[in-house]
file work-v4.csv (CSV, C-alpha atoms and all ligand atoms)
chain,number,residue,atom,x,y,z
A,867,MET,CA,238.7,-23.3,141.6
A,868,SER,CA,237.1,-22.1,144.8
A,869,ARG,CA,234.1,-19.8,144.8
A,870,LEU,CA,235.0,-16.2,144.1
A,871,ARG,CA,234.5,-13.9,147.1
A,872,ILE,CA,233.2,-10.4,146.0
A,873,ALA,CA,233.3,-7.2,147.9
A,874,VAL,CA,231.2,-4.3,146.5
A,875,LEU,CA,232.0,-0.7,147.2
A,876,ALA,CA,229.1,1.7,146.7
A,877,SER,CA,228.2,5.3,147.8
A,878,GLY,CA,224.6,5.7,146.5
A,879,ARG,CA,221.5,4.1,145.1
A,880,GLY,CA,223.3,0.8,144.4
A,881,SER,CA,221.5,-0.2,141.2
A,882,ASN,CA,224.6,-1.9,139.9
A,883,LEU,CA,224.9,-3.8,143.2
A,884,GLN,CA,221.3,-4.9,142.8
A,885,ALA,CA,222.1,-6.0,139.2
A,886,LEU,CA,224.9,-8.2,140.6
A,887,ILE,CA,222.6,-9.6,143.3
A,888,ASP,CA,219.9,-10.4,140.8
A,889,ALA,CA,222.4,-11.9,138.3
A,890,ARG,CA,223.9,-14.2,140.9
A,891,ALA,CA,220.4,-15.3,141.9
A,892,ALA,CA,219.6,-16.0,138.2
A,893,GLY,CA,222.7,-18.1,137.8
A,894,VAL,CA,224.7,-15.6,135.6
A,895,PHE,CA,227.7,-16.3,137.8
A,896,ASP,CA,228.6,-18.4,140.8
A,897,ALA,CA,230.3,-16.4,143.5
A,898,GLU,CA,229.8,-15.3,147.1
A,899,PHE,CA,229.2,-11.7,148.3
A,900,ALA,CA,231.7,-11.2,151.1
A,901,GLY,CA,230.5,-7.7,151.9
A,902,VAL,CA,229.2,-4.4,150.8
A,903,PHE,CA,231.1,-1.3,152.0
A,904,SER,CA,230.1,2.3,151.8
A,905,ASP,CA,231.4,5.7,152.8
A,906,ARG,CA,227.8,6.8,153.4
A,907,PRO,CA,225.7,5.2,156.1
A,908,ASP,CA,222.5,6.3,154.3
A,909,ALA,CA,223.4,4.7,151.0
A,910,VAL,CA,220.5,2.8,149.5
A,911,ALA,CA,223.1,0.3,148.4
A,912,LEU,CA,223.4,-0.8,152.1
A,913,GLN,CA,219.6,-1.4,152.2
A,914,ARG,CA,219.9,-3.5,149.1
A,915,ALA,CA,222.7,-5.5,150.8
A,916,ALA,CA,220.6,-6.0,153.9
A,917,GLY,CA,217.7,-7.2,151.7
A,918,ALA,CA,220.0,-9.8,150.2
A,919,GLY,CA,221.5,-10.9,153.5
A,920,ILE,CA,225.0,-9.6,152.6
A,921,PRO,CA,227.3,-8.4,155.4
A,922,ARG,CA,227.7,-4.6,155.2
A,923,GLN,CA,229.7,-1.9,156.7
A,924,ALA,CA,229.7,1.9,156.5
A,925,LEU,CA,232.5,4.2,157.6
A,926,ARG,CA,232.2,7.9,157.5
A,927,PRO,CA,235.1,10.0,156.3
A,928,VAL,CA,234.3,12.8,158.9
A,929,ASP,CA,235.1,10.3,161.6
A,930,PHE,CA,238.8,10.2,160.5
A,931,ALA,CA,241.6,12.7,160.8
A,932,ASP,CA,242.3,12.8,157.1
A,933,ARG,CA,241.8,10.9,153.8
A,934,ALA,CA,244.6,8.5,154.4
A,935,ALA,CA,243.3,7.5,157.8
A,936,PHE,CA,239.8,6.9,156.3
A,937,ASP,CA,241.2,4.9,153.5
A,938,ASP,CA,243.4,2.8,155.8
A,939,ALA,CA,240.4,1.9,158.0
A,940,PHE,CA,238.0,1.4,155.1
A,941,PHE,CA,240.3,-0.9,153.1
A,942,ASP,CA,241.4,-2.8,156.2
A,943,ALA,CA,237.7,-3.6,156.7
A,944,VAL,CA,237.4,-4.6,153.0
A,945,ALA,CA,240.6,-6.8,153.3
A,946,ALA,CA,239.2,-8.4,156.5
A,947,VAL,CA,236.5,-10.2,154.4
A,948,GLN,CA,239.3,-11.6,152.2
A,949,PRO,CA,237.8,-10.7,148.8
A,950,ASP,CA,239.1,-12.2,145.6
A,951,LEU,CA,237.4,-9.3,143.6
A,952,ILE,CA,236.5,-5.8,144.7
A,953,VAL,CA,233.9,-4.2,142.6
A,954,CYS,CA,233.6,-0.4,142.7
A,955,ALA,CA,230.0,0.2,141.7
A,956,GLY,CA,229.3,3.8,142.2
A,957,TYR,CA,231.9,4.3,144.9
A,958,MET,CA,232.3,8.1,144.7
A,959,ARG,CA,235.6,8.6,146.5
A,960,LEU,CA,239.1,8.7,145.1
A,961,ILE,CA,241.0,5.8,146.4
A,962,GLY,CA,244.5,6.5,147.8
A,963,GLU,CA,247.3,5.0,145.7
A,964,ARG,CA,248.5,2.8,148.6
A,965,HIS,CA,245.2,0.9,148.5
A,966,VAL,CA,244.9,0.8,144.8
A,967,VAL,CA,248.3,-0.8,144.7
A,968,ARG,CA,247.4,-3.2,147.5
A,969,PHE,CA,244.5,-4.6,145.5
A,970,ALA,CA,245.9,-4.0,142.1
A,971,ASP,CA,245.1,-7.3,140.5
A,972,ARG,CA,241.6,-7.6,141.8
A,973,MET,CA,239.8,-4.2,141.8
A,974,ILE,CA,237.4,-3.2,139.0
A,975,ASN,CA,235.3,-0.2,138.5
A,976,ILE,CA,232.2,0.6,136.3
A,977,HIS,CA,232.3,4.0,134.7
A,978,PRO,CA,229.5,5.6,132.6
A,979,SER,CA,231.4,6.4,129.4
A,980,LEU,CA,233.2,4.7,126.6
A,981,LEU,CA,236.7,5.2,128.1
A,982,PRO,CA,239.1,6.7,127.3
A,983,ALA,CA,236.4,9.3,126.4
A,984,HIS,CA,234.9,11.2,129.3
A,985,PRO,CA,236.7,10.1,132.5
A,986,GLY,CA,235.5,11.8,135.7
A,987,LEU,CA,232.0,13.2,136.4
A,988,HIS,CA,229.0,14.4,134.4
A,989,THR,CA,229.8,12.0,131.6
A,990,HIS,CA,226.4,12.0,129.9
A,991,ARG,CA,226.2,15.8,129.7
A,992,ARG,CA,229.7,16.0,128.4
A,993,ALA,CA,229.1,13.3,125.8
A,994,LEU,CA,226.1,15.3,124.5
A,995,GLU,CA,228.1,18.5,124.5
A,996,ASP,CA,230.8,16.8,122.5
A,997,GLY,CA,228.2,15.6,120.0
A,998,VAL,CA,229.3,12.0,120.0
A,999,ARG,CA,227.0,9.5,118.2
A,1000,ARG,CA,227.9,6.6,120.6
A,1001,HIS,CA,228.2,6.7,124.3
A,1002,GLY,CA,228.1,3.9,126.9
A,1003,ALA,CA,229.8,2.3,129.9
A,1004,SER,CA,233.1,0.7,130.6
A,1005,VAL,CA,234.4,-1.8,133.2
A,1006,HIS,CA,238.1,-1.4,133.9
A,1007,TYR,CA,240.7,-2.5,136.4
A,1008,VAL,CA,241.6,0.2,138.9
A,1009,ILE,CA,245.0,1.9,138.7
A,1010,PRO,CA,246.2,5.0,140.6
A,1011,ALA,CA,245.2,7.4,137.8
A,1012,VAL,CA,241.4,7.9,137.8
A,1013,ASP,CA,239.3,6.1,135.3
A,1014,ALA,CA,242.5,5.2,133.4
A,1015,GLY,CA,243.0,1.5,134.0
A,1016,PRO,CA,242.8,-1.2,131.4
A,1017,VAL,CA,239.3,-1.6,130.1
A,1018,LEU,CA,238.0,-5.2,130.0
A,1019,ALA,CA,234.6,-4.5,128.4
A,1020,GLN,CA,232.3,-1.9,127.2
A,1021,ALA,CA,228.6,-1.5,126.3
A,1022,ALA,CA,227.7,1.1,123.8
A,1023,VAL,CA,224.4,2.9,123.1
A,1024,ASP,CA,223.4,5.2,120.2
A,1025,VAL,CA,222.9,8.8,121.1
A,1026,ARG,CA,219.4,9.8,119.9
A,1027,ALA,CA,218.2,13.2,118.6
A,1028,GLY,CA,216.7,15.0,121.6
A,1029,ASP,CA,218.6,13.1,124.2
A,1030,THR,CA,219.1,14.8,127.5
A,1031,PRO,CA,221.7,13.8,130.0
A,1032,ASP,CA,218.9,12.0,131.9
A,1033,SER,CA,217.5,10.1,129.0
A,1034,LEU,CA,220.9,9.1,127.8
A,1035,GLY,CA,222.0,8.2,131.3
A,1036,GLU,CA,219.0,5.9,131.7
A,1037,ARG,CA,219.8,3.9,128.6
A,1038,VAL,CA,223.5,3.7,129.6
A,1039,LEU,CA,222.5,2.5,133.1
A,1040,ALA,CA,220.3,-0.2,131.8
A,1041,ARG,CA,223.3,-1.6,129.8
A,1042,GLU,CA,225.6,-1.2,132.9
A,1043,HIS,CA,223.3,-3.6,134.7
A,1044,VAL,CA,224.1,-6.3,132.1
A,1045,LEU,CA,227.7,-5.4,131.5
A,1046,LEU,CA,228.9,-5.6,135.1
A,1047,PRO,CA,227.5,-9.0,135.8
A,1048,ALA,CA,228.8,-10.3,132.5
A,1049,CYS,CA,232.3,-9.1,133.5
A,1050,VAL,CA,232.0,-10.7,136.9
A,1051,ALA,CA,230.9,-13.9,135.2
A,1052,LEU,CA,234.1,-14.0,133.2
A,1053,ILE,CA,236.2,-13.4,136.3
A,1054,ALA,CA,234.3,-15.8,138.5
A,1055,GLY,CA,234.5,-18.5,135.8
A,1056,GLY,CA,238.3,-18.1,135.8
A,1057,ARG,CA,238.4,-16.9,132.2
A,1058,LEU,CA,239.5,-13.4,132.8
A,1059,ARG,CA,242.2,-12.0,135.0
A,1060,TYR,CA,244.6,-9.1,135.4
A,1061,ASP,CA,248.2,-10.1,135.2
A,1062,GLY,CA,251.2,-7.8,135.2
A,1063,GLY,CA,249.3,-4.8,133.9
A,1064,ARG,CA,247.5,-6.8,131.2
A,1065,VAL,CA,244.0,-8.1,131.0
A,1066,VAL,CA,244.2,-11.8,130.0
A,1067,LEU,CA,241.2,-13.6,128.5
A,1068,ASP,CA,241.3,-17.4,128.1
A,1069,GLY,CA,245.1,-17.3,128.4
A,1070,ALA,CA,245.7,-14.5,125.8
A,1071,PRO,CA,246.2,-10.8,126.4
A,1072,LEU,CA,243.2,-8.8,125.5
A,1073,THR,CA,244.2,-6.1,123.0
A,1074,ARG,CA,240.8,-4.3,122.8
A,1075,PRO,CA,237.9,-4.2,125.3
A,1076,LEU,CA,235.2,-6.8,124.8
A,1077,GLN,CA,231.9,-5.4,123.6
A,1078,LEU,CA,228.5,-6.2,125.0
A,1079,ASP,CA,226.3,-7.2,122.0
A,1080,SER,CA,222.6,-6.9,121.5
A,1081,ASP,CA,222.2,-10.5,122.8
A,1082,ASP,CA,223.8,-9.4,126.0
A,1083,ARG,CA,227.0,-11.4,125.3
A,1084,LEU,CA,230.5,-10.1,125.6
A,1085,THR,CA,232.3,-10.5,122.3
A,1086,PRO,CA,235.7,-9.4,120.9
A,1087,ALA,CA,235.6,-6.0,119.3
A,1088,ALA,CA,234.9,-6.1,115.6
B,1,LIG,C1,226.8,4.3,137.7
B,1,LIG,O1,226.5,5.1,136.6
B,1,LIG,C2,228.3,3.9,137.6
B,1,LIG,O2,228.7,3.7,136.3
B,1,LIG,C3,229.0,5.0,138.2
B,1,LIG,O3,228.2,5.4,139.3
B,1,LIG,C4,226.8,5.1,139.0
B,1,LIG,C5,226.4,4.2,140.2
B,1,LIG,O4,225.0,3.9,140.1
B,1,LIG,N1,230.3,4.7,138.6
B,1,LIG,P1,224.4,2.9,141.1
B,1,LIG,O5,224.7,3.4,142.5
B,1,LIG,O6,225.0,1.5,140.8
B,1,LIG,O7,222.9,2.9,140.9
call {"tool": "encode", "arguments": {"input": "work-v4.csv", "output": "C-alpha cells"}}
result
Amino acid sequence: MSRLRIAVLASGRGSNLQALIDARAAGVFDAEFAGVFSDRPDAVALQRAAGAGIPRQALRPVDFADRAAFDDAFFDAVAAVQPDLIVCAGYMRLIGERHVVRFADRMINIHPSLLPAHPGLHTHRRALEDGVRRHGASVHYVIPAVDAGPVLAQAAVDVRAGDTPDSLGERVLAREHVLLPACVALIAGGRLRYDGGRVVLDGAPLTRPLQLDSDDRLTPAA
C-alpha cells in the first residue's frame, strides 16, 4: 500500500492539526501531509503547518460570489493535492453537498461530543445543561447531514461536579488529540475504510464506534 496522503482542513487554532503533526513525528502513523487548507488566512493552524513544512493554502469566502463558488474553488484546491484522506479538524464551515459527495469515502471530521448526542455548536455547554455524566469526542465520516455520518471512534470523559464548559472542553480536547491520530493510524495502516456507507474494520463492518481506552488504544465497545 502506498503512503496515505492527508489533507487537513482547519479554521482556527489547529491544536488537532498539531496533534497529527506530532503523532506522525512520533511514529503513531505513517502518512504524508499533502496540504493544510483554511477559510481564514489568519488561522493559527496555517502557522503550525508552516512550522512543519506542510504546503498550505487559505481562501477567503468574501472573495467569492457565493457559498457554492467558494466551495468549488476551495475543494478544487484540496483535490489538486490528490488526498487519500481529508481530515476536517476544526473546519468551521458547512460543506456543500456536492463536495461532500465528491469525497464521500475519504473525508472525516472530529466533533466535540459523543454523537449522536450534541451535534452542532456549543457542545460542552449543552452537555452540562443536559446533565450528562459522560461527554467526549467523536470521529465520523462526513455525509451531507451535519455531524451525522457514521462514527468510527469515540473518546469519553466523565463529567465532574463543578465542571464549566471550559474545564470540560479542555479535558475533551486532550482526548481529541489522542483520538484523531489513533483513527488516522487505522486508516493509514489500511485497517479501516468507508465502503458503501459502512465503516469496515479489518474486513468486517463496524457495528458500534470504537472506544479510546485509558491506555490510549482504540478498542471495540464493551
Ligand atoms: C475541536 O474541538 C474539534 O473537535 C472541533 O473544533 C475544535 C477544533 O480545535 N471540530 P482545534 O482548531 O483543532 O484546536
call {"tool": "residues_near_ligand", "arguments": {"input": "work-v4.csv", "ligand": "ligand LIG 1 (chain B)", "cutoff": "8 Å", "atoms": "all atoms listed in the file", "output": "ChimeraX atom specification"}}
result
/A:876-884,911,954-958,975-979,1003-1004,1035,1038-1039,1042
call {"tool": "atom_distance", "arguments": {"input": "work-v4.csv", "atom1": "atom CA of Val953 of chain A", "atom2": "atom CA of Thr1030 of chain A"}}
result
28.4 Å
call {"tool": "residues_around", "arguments": {"input": "work-v4.csv", "residues": "Asp1024 of chain A", "least_positions_apart": "2", "cutoff": "10 Å", "atoms": "all atoms listed in the file", "output": "list in words"}}
result
Val998, Arg999, Arg1000, His1001, Gly1002, Ala1022, Arg1026, Ala1027, Leu1034, Arg1037 and Val1038 of chain A
call {"tool": "atom_distance", "arguments": {"input": "work-v4.csv", "atom1": "atom CA of Tyr1060 of chain A", "atom2": "atom CA of His965 of chain A"}}
result
16.5 Å
call {"tool": "closest_residue", "arguments": {"input": "work-v4.csv", "among": "A:Ala918, A:Ala993, A:Val1017, A:Leu1072", "to": "Asp1029 of chain A", "atoms": "all atoms listed in the file"}}
result
A:Ala993
call {"tool": "closest_atom_pairs", "arguments": {"input": "work-v4.csv", "of": "segment 995-1077 of chain A", "to": "segment 970-973 of chain A", "cutoff": "9 Å", "atoms": "all atoms listed in the file", "output": "CSV"}}
result
residue,atom,partner,partner_atom,distance
A:His1006,CA,A:Met973,CA,8.6
A:Tyr1007,CA,A:Met973,CA,5.7
A:Val1008,CA,A:Met973,CA,5.6
A:Ile1009,CA,A:Ala970,CA,6.9
A:Arg1059,CA,A:Asp971,CA,7.8
A:Tyr1060,CA,A:Asp971,CA,5.4
A:Asp1061,CA,A:Asp971,CA,6.7
A:Gly1062,CA,A:Asp971,CA,8.1
A:Gly1063,CA,A:Asp971,CA,8.2
call {"tool": "residues_around", "arguments": {"input": "work-v4.csv", "residues": "segment 937-942 of chain A", "least_positions_apart": "4", "cutoff": "8 Å", "atoms": "all atoms listed in the file", "output": "ChimeraX atom specification"}}
result
/A:925,933,946,961-962,965
call {"tool": "closest_atom_pairs", "arguments": {"input": "work-v4.csv", "of": "segment 936-1036 of chain A", "to": "segment 900-903 of chain A", "cutoff": "8 Å", "atoms": "all atoms listed in the file", "output": "Markdown table"}}
result
| residue | atom | partner | partner_atom | distance |
| --- | --- | --- | --- | --- |
| A:Val944 | CA | A:Phe903 | CA | 7.2 |
| A:Val947 | CA | A:Ala900 | CA | 5.9 |
| A:Gln948 | CA | A:Ala900 | CA | 7.7 |
| A:Pro949 | CA | A:Ala900 | CA | 6.5 |
call {"tool": "atom_distance", "arguments": {"input": "work-v4.csv", "atom1": "atom CA of Arg906 of chain A", "atom2": "atom CA of Leu886 of chain A"}}
result
19.9 Å
call {"tool": "closest_residue", "arguments": {"input": "work-v4.csv", "among": "A:Ala1048, A:Arg1083, A:Asp932, A:Pro1016", "to": "Val1066 of chain A", "atoms": "only C-alpha atoms"}}
result
A:Pro1016
call {"tool": "closest_residue", "arguments": {"input": "work-v4.csv", "among": "A:Ser904, A:Gln913, A:Gln1020, A:Gln1077", "to": "Arg926 of chain A", "atoms": "only C-alpha atoms"}}
result
A:Ser904
call {"tool": "residues_around", "arguments": {"input": "work-v4.csv", "residues": "segment 889-899 of chain A", "least_positions_apart": "2", "cutoff": "7 Å", "atoms": "all atoms listed in the file", "output": "tab-separated table (two decimals) with C-alpha atoms, keeping the file's coordinate frame"}}
result
chain	number	residue	atom	x	y	z
A	869	ARG	CA	234.10	-19.80	144.80
A	870	LEU	CA	235.00	-16.20	144.10
A	871	ARG	CA	234.50	-13.90	147.10
A	872	ILE	CA	233.20	-10.40	146.00
A	873	ALA	CA	233.30	-7.20	147.90
A	885	ALA	CA	222.10	-6.00	139.20
A	886	LEU	CA	224.90	-8.20	140.60
A	887	ILE	CA	222.60	-9.60	143.30
A	901	GLY	CA	230.50	-7.70	151.90
A	920	ILE	CA	225.00	-9.60	152.60
A	1047	PRO	CA	227.50	-9.00	135.80
A	1051	ALA	CA	230.90	-13.90	135.20
A	1054	ALA	CA	234.30	-15.80	138.50
call {"tool": "residues_near_point", "arguments": {"input": "work-v4.csv", "point": "(229.1, -7.9, 126.3)", "cutoff": "8 Å", "atoms": "all atoms listed in the file", "output": "list of chain:residue names"}}
result
A:Ala1019, A:Gln1020, A:Ala1021, A:Val1044, A:Leu1045, A:Ala1048, A:Cys1049, A:Leu1076, A:Gln1077, A:Leu1078, A:Asp1079, A:Asp1082, A:Arg1083, A:Leu1084, A:Thr1085
call {"tool": "closest_residue", "arguments": {"input": "work-v4.csv", "among": "A:Leu1067, A:Val928, A:Ala945, A:Leu980", "to": "Val1023 of chain A", "atoms": "all atoms listed in the file"}}
result
A:Leu980
call {"tool": "residues_near_point", "arguments": {"input": "work-v4.csv", "point": "(221.9, 17.3, 129.1)", "cutoff": "8 Å", "atoms": "all atoms listed in the file", "output": "list in words"}}
result
His990, Arg991, Arg992, Leu994, Glu995, Asp1029, Thr1030, Pro1031 and Asp1032 of chain A
